[in-house]
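Trainee: Mind having a look at this structure? Questions to follow.
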Amino acid sequence: MTTSQTFKRFAGRSASTRLAFCAALLAAAAGCGQETAVTAPVTADASIAADVAGAADAKGAAIAEPKVVGAGHSEGPYVELSGSWSADAQRVTITVWAGDLPNLLGLAAHLVWDPAQLELTASDALNLTEESEASGFAWRHVLKAIAPGRLTAGSARFRSVSHPYAYPEGAKVSRDPWLKLEFRVLATGPLKIGFDDATQLARKAEGEFIPVQWIGATVEVPAGFAIGGAP
Amino acid sequence: MKRIAMTLFALSALPALPVSAAPARKLFADFEQLPPEPDSAYARTLAAHQAEAAHRPAQLVPTLRQPTFLDVDATLQWTSANFSALGKPKWEILHQDITVEILPASSELKTAIVATVRAHQPVDSLSLLTMAVSAIKVEAVDGTPLKVSASKMGGYSGLSVELPAPLTPEVDWKLATTATAKLNCNPQGIGLLPCGIGGTYQWVTFHNYYLTPAASHSPFKSTLHVVTAANKVAAAQGIPTGSDTLADGRKVWHFEQPERTENAGFAVAEYVQNTAKLVNDKPLRVFTTTKYASSAKNMVELATKVVGVYSADFGDFPWPGLNLMQLENNFGGGYAPLSGIFMYRDVYAASPGTGYWYSTTELTAHEIGHQWWGNLVEPATNGDVALSEALAEFSSCLYTEKYMETRSQIIGDNLSYLYRVPANEDMPVGAQGVYGTPSYVQIVYHKGAAVFEMLRNEIGTDHVLKSLKQFAVEYNRDYASLKNLQAVAQNVSKKDLSWFWNQWFDKKGAIEAEVAGRLLVDAEGGYVVRLRVHQTAAKPFRFTVPITVDYAALKSEVKLVEVNPKGEATTIVEFAVAARPIRVRLDVQRSVIRKFATGTPGDFNLSGQVDGADLVELALRYGRAMRIKAKNGQEYFFSDSGWNELYDLKPDRRIDMADVDALDQWVGTVAEEF
Ligand SMILES: [Zn+2]
């Protein structure tokens with residue numbers, strides 16, 4: 001990833017989301033709180049690179065790796081998980097997908113898992129449609145671990161300009177990644193990651209609720225798998 | 001293409017922030033007096049109401065504000081039909097036979113009045129008021145000249161007439177006046193007779209100053225004769241009884257007003273009539289110029305429908321008929337004497353389905369409302385003017401809610417009071433001096449209507465309507481006070497409403513509260529919503545607020561929740577809900593005169609925690625604003641019926657990116673325990 005790509009990637013998001021995110025979650029991490037939107041991700045990327053190097057060294061003998069199993073969605077709007085084991089990072093990486101949403105203003109849910117089994121080590125929310133100054137819209141995200149084993153995620157599409165004659169407008173989401181998550185494995189066996197029923201919602205720009213299939217997934221960690229991974 | 005960048009973080013130290021750790025924050029935007037956005041629906045409504053308000057003459061003669069006869073003996077029992085609230089005067093004018101003619105060339109109005117006077121005690125002189133006259137002659141009807149002294153009283157003339165012999169009680173006697181008055185026309189004339197002498201329309205509205213013994217409250221029956229040029233037609237309230245042609249070709253148009261009233265006016269133009277039948281076959285006549293004859297059919301339909309609806313809601317249309325008169329556009333609004341309504345030109349051009357139709361309907365329904373409120377039942381004092389204006393406006397709001405299927409009128413009225421009245425201009429709706437505040441319209445018309453709207457939350461719409469109907473029956477052709485209406489509403493609802501009347505009519509202000517929510521599980525596993533309402537006012541408001549609870553599977557219910565602080569700043573209320581709610585919403589229809597702020601900052605859905613769902617709620621309100629910036633940079637007041645200050649987290653009367661930004665810091669916050 002080049003710096004300029006990184007910049008473009010984050011230009012679509014607001015600097016303040018990024019800063020607040022840093023302030024809340026990374027208070028102890030050097031170089032976060034005062035970072036600008038441009039440089040913050042560079043720091044993050046550098047950290048990942050360091051992780052990868054360390055993880056490669058730490059990797060033990062070849063045994064069966066964890067895998068992520070999702071139920072798959074039926075026809076109609078859905079939010080579902082897919083993922084895989086990253087041997088390099090020694091992490092389970094999860095993508096939360098949103099799809100078949102013809103007029104989406106925003107969606108939100110709490111992701112839940114057993115904190116004794118999985119530890120969230122990274123998370124990011126993505127724009128569900130490509131927006132720019134030209135499109136006149138921008139996605140804004142809320143993403144925060146609010147308790148052990150609980151992550152609140154919310155994304156909504158806002159106009160760049162706020163004006164009483166300009167009403168909210170939804171976007172067509174065919175199938176796009178919404179969240180990227182990384183977990184450290186703390187246990188073996190089937191480890192569930194799902195959505196708290198009472199927190200799931202997706203809304204049209206007119207306010208109407210969209211019935212969505214919220215589908216969790218299971219991380220299957222084989223017995224004998226060396227839990228933990230890179231710190 | 002979307003790229004991914006991962007951010008590392010540690011989960012170890014993430015206690016939910018208690019809200020008490022928050023720095024003191026501003027809850028509501030500061031007051032700012034911005035001009036209304038030109039050509040907006042709000043600007044039209046405000047102009048119409050202000051134009052109408054200018055027709056109240058009480059302002060003109062401040063020393064004569066008291067609603068009593070100049071010459072009243074309160075110890076006597078008043079036995080004539082109705083108007084019992086007046087007290088029995090020593091003498092009164094029962095009837096006036098009035099001939100008027102506008103002289104456009106000299107801007108003069110000629111009047112000749114024969115007044116039938118009845119004394120209830122021996123009187124040897126009469127004090128009268130009339131318009132400011134430059135020449136006047138008073139004589140007994142047999143031609144005996146009477147000695148009269150005139151004095152200027154504001155924009156009016158006070159007359160003192162010496163009688164040749166004391167009047168014999170209960171024997172009618174007649175006096176005649178002829179006068180010429182210089183008209184200095186101002187369509188919304190404050191300090192002047194509202195009038196217009198244009199090329200198309202010539203008109204005068206008098207309120208009660210044809211000839212009257214009192215500054216207010218001296219109703220009389222009348223016969224009106226309007227002299228016009230040969231090619232013109234006169235229109236007025238009352239029953240048109242035909243016309244005659246004078247020897248010189250001019251015409252005289254006759255109107256009979258069989259009801260005692262003090263509201264009157266007339267207009268002259270090349271009018272044509274559209275007619276229809278109202279309920280009970282009473283005639284509706286709509287007078288417009290030829291150009292508007294075709295489009296005025298929409299007005300005929302509208303007026304017929306509104307009269308029908310009000311007849312069902314408030315009791316039968318009380319008058320022999322209703323005449324609608326078209327005036328010039330700068331008349332700006334409406335004026336509704338008994339059985340007649342004057343409205344500005346363009347409302348007769350409006351047609352359903354256009355933007356203008358909505359303003360037209362609001363105004364027409366308000367003016368027709370005055371046939372009950374202000375004419376059938378008249379406010380006893382200046383402090384009771386809400387019985388005329390607030391009830392006319394409330395009636396109109398009920399009409400547009402039901403038949404235009406929008407609450408934008410009542411919401412606009414609510415917001416108009418909340419956002420347009422500076423603290424130093426605020427007065428109680430029922431204050432005797434309320435007409436004196438520059439915010440009179442926003443307080444009496446707009447807040448007043450919103451207060452009656454709140455009464456629906458307290459006693460239910462059915463009981464509100466039943467109370468109004470009962471009130472119109474009990475006080476028909478009489479004067480009434482706000483307290484009289486309270487008594488009727490209490491009787492109908494079987495509820496003590498003294499606190500409501502005291503809080504909303506005798507006191508000024510509006511609810512300002514921080515509301516925090518928590519979701520609890522009771523011993524049986526059922527869900528309970530608990531709300532903490534915190535008010536900072538010295539005397540916290542008692543109110544009933546509709547709360548909408550939304551569940552999964554698109555189910556919702558509305559609960560009416562009473563907040564009764566009993567003097568305490570903080571009130572805790574709770575209610576059981578059928579399942580775990582997705583969100584809890586306060587006063588979705590803005591039926592309460594309030595400003596709410598989130599007690600757990602950013603917890604818009606009152607779930608007890610600030611999370612992603614609150615961002616989505618915010619997205620739905622994004623863009624709503626009570627201010628608007630024009631292309632030239634000028635900021636205007638904007639009335640946004642979708643406005644909800646709850647979402648104005650960084651308060652500036654605009655729900656914008658600053659509020660989205662402000663939400664970030666609160667994500668994860670859980671409501672403190674209460
Ligand atoms: Zn009115």
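Scheme for the structure tokens: letters A, B, ... for chains in order shown; per-chain residue numbers from 1; ligand numbers from 1 in order shown.
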Mind the document's chain letters and residue numbers, and return as a PyMOL selection string the residues of range 175-257 of chain B that DSSP labels strand (DSSP E).

Mentor: chain B and resi 175-182+195-197+202-205+220-228+233-236+239-245+251-257

Trainee: Excluding Ala135 in chain B and residues on its chain fewer than 3 positions from it, collect all residues at most 8 Å away from it, counting only C-alpha atoms, and give them as a count of residues only.

Mentor: 3

Trainee: Taking only C-alpha atoms and all ligand atoms into account, list the residues no farther than 10 Å from ligand 1, as a ChimeraX atom specification.

Mentor: /B:48-53,55-56,333-336,363-370,373-374,385-386,388-393,441,444-445

Trainee: Could you dump the residues just selected with C-alpha atoms as a compact mmCIF listing (two decimals), in the first residue's frame?

Mentor:
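Output file out.txt is given in full below:
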```txt
# COMPACT_ATOMS: atom_id res chain seq x y z
CA ALA B 48 -51.37 36.47 7.46
CA HIS B 49 -51.65 36.23 11.22
CA GLN B 50 -49.98 39.57 11.75
CA ALA B 51 -52.26 41.19 9.19
CA GLU B 52 -55.26 39.80 10.99
CA ALA B 53 -53.91 40.79 14.38
CA HIS B 55 -57.46 44.43 12.93
CA ARG B 56 -57.76 44.35 16.67
CA GLY B 333 -54.33 37.77 5.60
CA GLY B 334 -57.91 37.41 6.70
CA TYR B 335 -60.49 39.17 8.82
CA ALA B 336 -63.57 37.36 9.99
CA LEU B 363 -55.82 30.57 6.48
CA THR B 364 -59.34 29.72 5.33
CA ALA B 365 -59.80 27.14 8.09
CA HIS B 366 -58.52 29.66 10.63
CA GLU B 367 -60.92 32.38 9.46
CA ILE B 368 -63.87 30.02 9.31
CA GLY B 369 -62.89 28.92 12.82
CA HIS B 370 -63.64 32.49 13.91
CA TRP B 373 -64.33 31.34 18.12
CA GLY B 374 -64.49 35.11 18.30
CA VAL B 385 -58.10 36.60 23.25
CA ALA B 386 -56.75 33.03 22.95
CA SER B 388 -60.62 33.67 19.57
CA GLU B 389 -57.18 33.37 17.99
CA ALA B 390 -55.71 30.25 19.56
CA LEU B 391 -58.95 28.32 19.11
CA ALA B 392 -59.35 29.47 15.48
CA GLU B 393 -55.78 28.41 14.81
CA VAL B 441 -48.90 36.44 17.21
CA VAL B 444 -51.41 33.86 21.29
CA TYR B 445 -51.92 32.31 17.85
```

Trainee: Find the residues around Ala202 in chain A up to 6 Å (only C-alpha atoms counted), leave out those fewer than 4 positions away in its own chain, and share them as a compact mmCIF listing (two decimals) with all heavy atoms, in the first residue's frame.

Mentor:
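Produced file out_30.txt, reproduced below:
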```
# COMPACT_ATOMS: atom_id res chain seq x y z
N GLY A 106 -28.34 3.55 6.50
CA GLY A 106 -27.40 3.22 7.56
C GLY A 106 -27.71 1.87 8.17
O GLY A 106 -28.83 1.36 8.05
N LEU A 107 -26.73 1.29 8.80
CA LEU A 107 -26.95 0.03 9.49
C LEU A 107 -26.10 0.01 10.75
O LEU A 107 -25.11 0.74 10.87
CB LEU A 107 -26.67 -1.18 8.59
CG LEU A 107 -25.24 -1.61 8.31
CD1 LEU A 107 -25.26 -2.91 7.49
CD2 LEU A 107 -24.46 -0.55 7.57
N PHE A 209 -37.47 0.57 8.33
CA PHE A 209 -36.52 -0.49 8.69
C PHE A 209 -36.43 -1.50 7.54
O PHE A 209 -37.44 -1.83 6.92
CB PHE A 209 -36.99 -1.22 9.95
CG PHE A 209 -36.79 -0.40 11.19
CD1 PHE A 209 -37.82 0.36 11.71
CD2 PHE A 209 -35.56 -0.37 11.84
CE1 PHE A 209 -37.64 1.13 12.86
CE2 PHE A 209 -35.37 0.38 12.99
CZ PHE A 209 -36.41 1.13 13.49
N ILE A 210 -35.23 -2.00 7.30
CA ILE A 210 -35.05 -3.01 6.27
C ILE A 210 -34.86 -4.36 6.98
O ILE A 210 -33.97 -4.47 7.83
CB ILE A 210 -33.80 -2.71 5.42
CG1 ILE A 210 -33.85 -1.28 4.86
CG2 ILE A 210 -33.63 -3.74 4.31
CD1 ILE A 210 -32.54 -0.80 4.26
```

Trainee: Quick one, how far is CA of Asp462 in chain B from CA of Ser311 in chain B?

Mentor: 15.2 Å

Trainee: Which neighbours of Asp114 in chain A fall inside 8 Å, counting only C-alpha atoms, when residues of the same chain fewer than 5 positions from it are skipped, and could you give them as a short mmCIF file (atom, residue, chain, number, x, y, z; two decimals) with all heavy atoms, in the first residue's frame?

Mentor:
```cif
data_model
loop_
_atom_site.label_atom_id
_atom_site.label_comp_id
_atom_site.auth_asym_id
_atom_site.auth_seq_id
_atom_site.Cartn_x
_atom_site.Cartn_y
_atom_site.Cartn_z
N GLY A 149 -15.88 -8.63 24.54
CA GLY A 149 -16.74 -9.47 23.71
C GLY A 149 -17.87 -8.73 23.03
O GLY A 149 -18.84 -9.34 22.58
N LEU A 191 -15.85 -21.44 18.03
CA LEU A 191 -15.94 -20.14 18.72
C LEU A 191 -16.88 -19.25 17.91
O LEU A 191 -16.62 -18.98 16.74
CB LEU A 191 -14.55 -19.49 18.83
CG LEU A 191 -13.38 -20.39 19.21
CD1 LEU A 191 -12.08 -19.59 19.25
CD2 LEU A 191 -13.63 -21.07 20.57
N LYS A 192 -17.96 -18.84 18.54
CA LYS A 192 -18.98 -18.11 17.78
C LYS A 192 -18.73 -16.61 17.76
O LYS A 192 -18.40 -16.00 18.79
CB LYS A 192 -20.36 -18.38 18.38
CG LYS A 192 -20.85 -19.78 18.04
CD LYS A 192 -22.35 -19.90 18.26
CE LYS A 192 -22.84 -21.18 17.59
NZ LYS A 192 -23.59 -22.05 18.51
N ILE A 193 -18.94 -16.02 16.59
CA ILE A 193 -19.00 -14.56 16.47
C ILE A 193 -20.37 -14.24 15.84
O ILE A 193 -20.70 -14.78 14.77
CB ILE A 193 -17.90 -13.99 15.55
CG1 ILE A 193 -16.51 -14.44 16.04
CG2 ILE A 193 -17.99 -12.47 15.49
CD1 ILE A 193 -15.39 -14.04 15.10
#
```
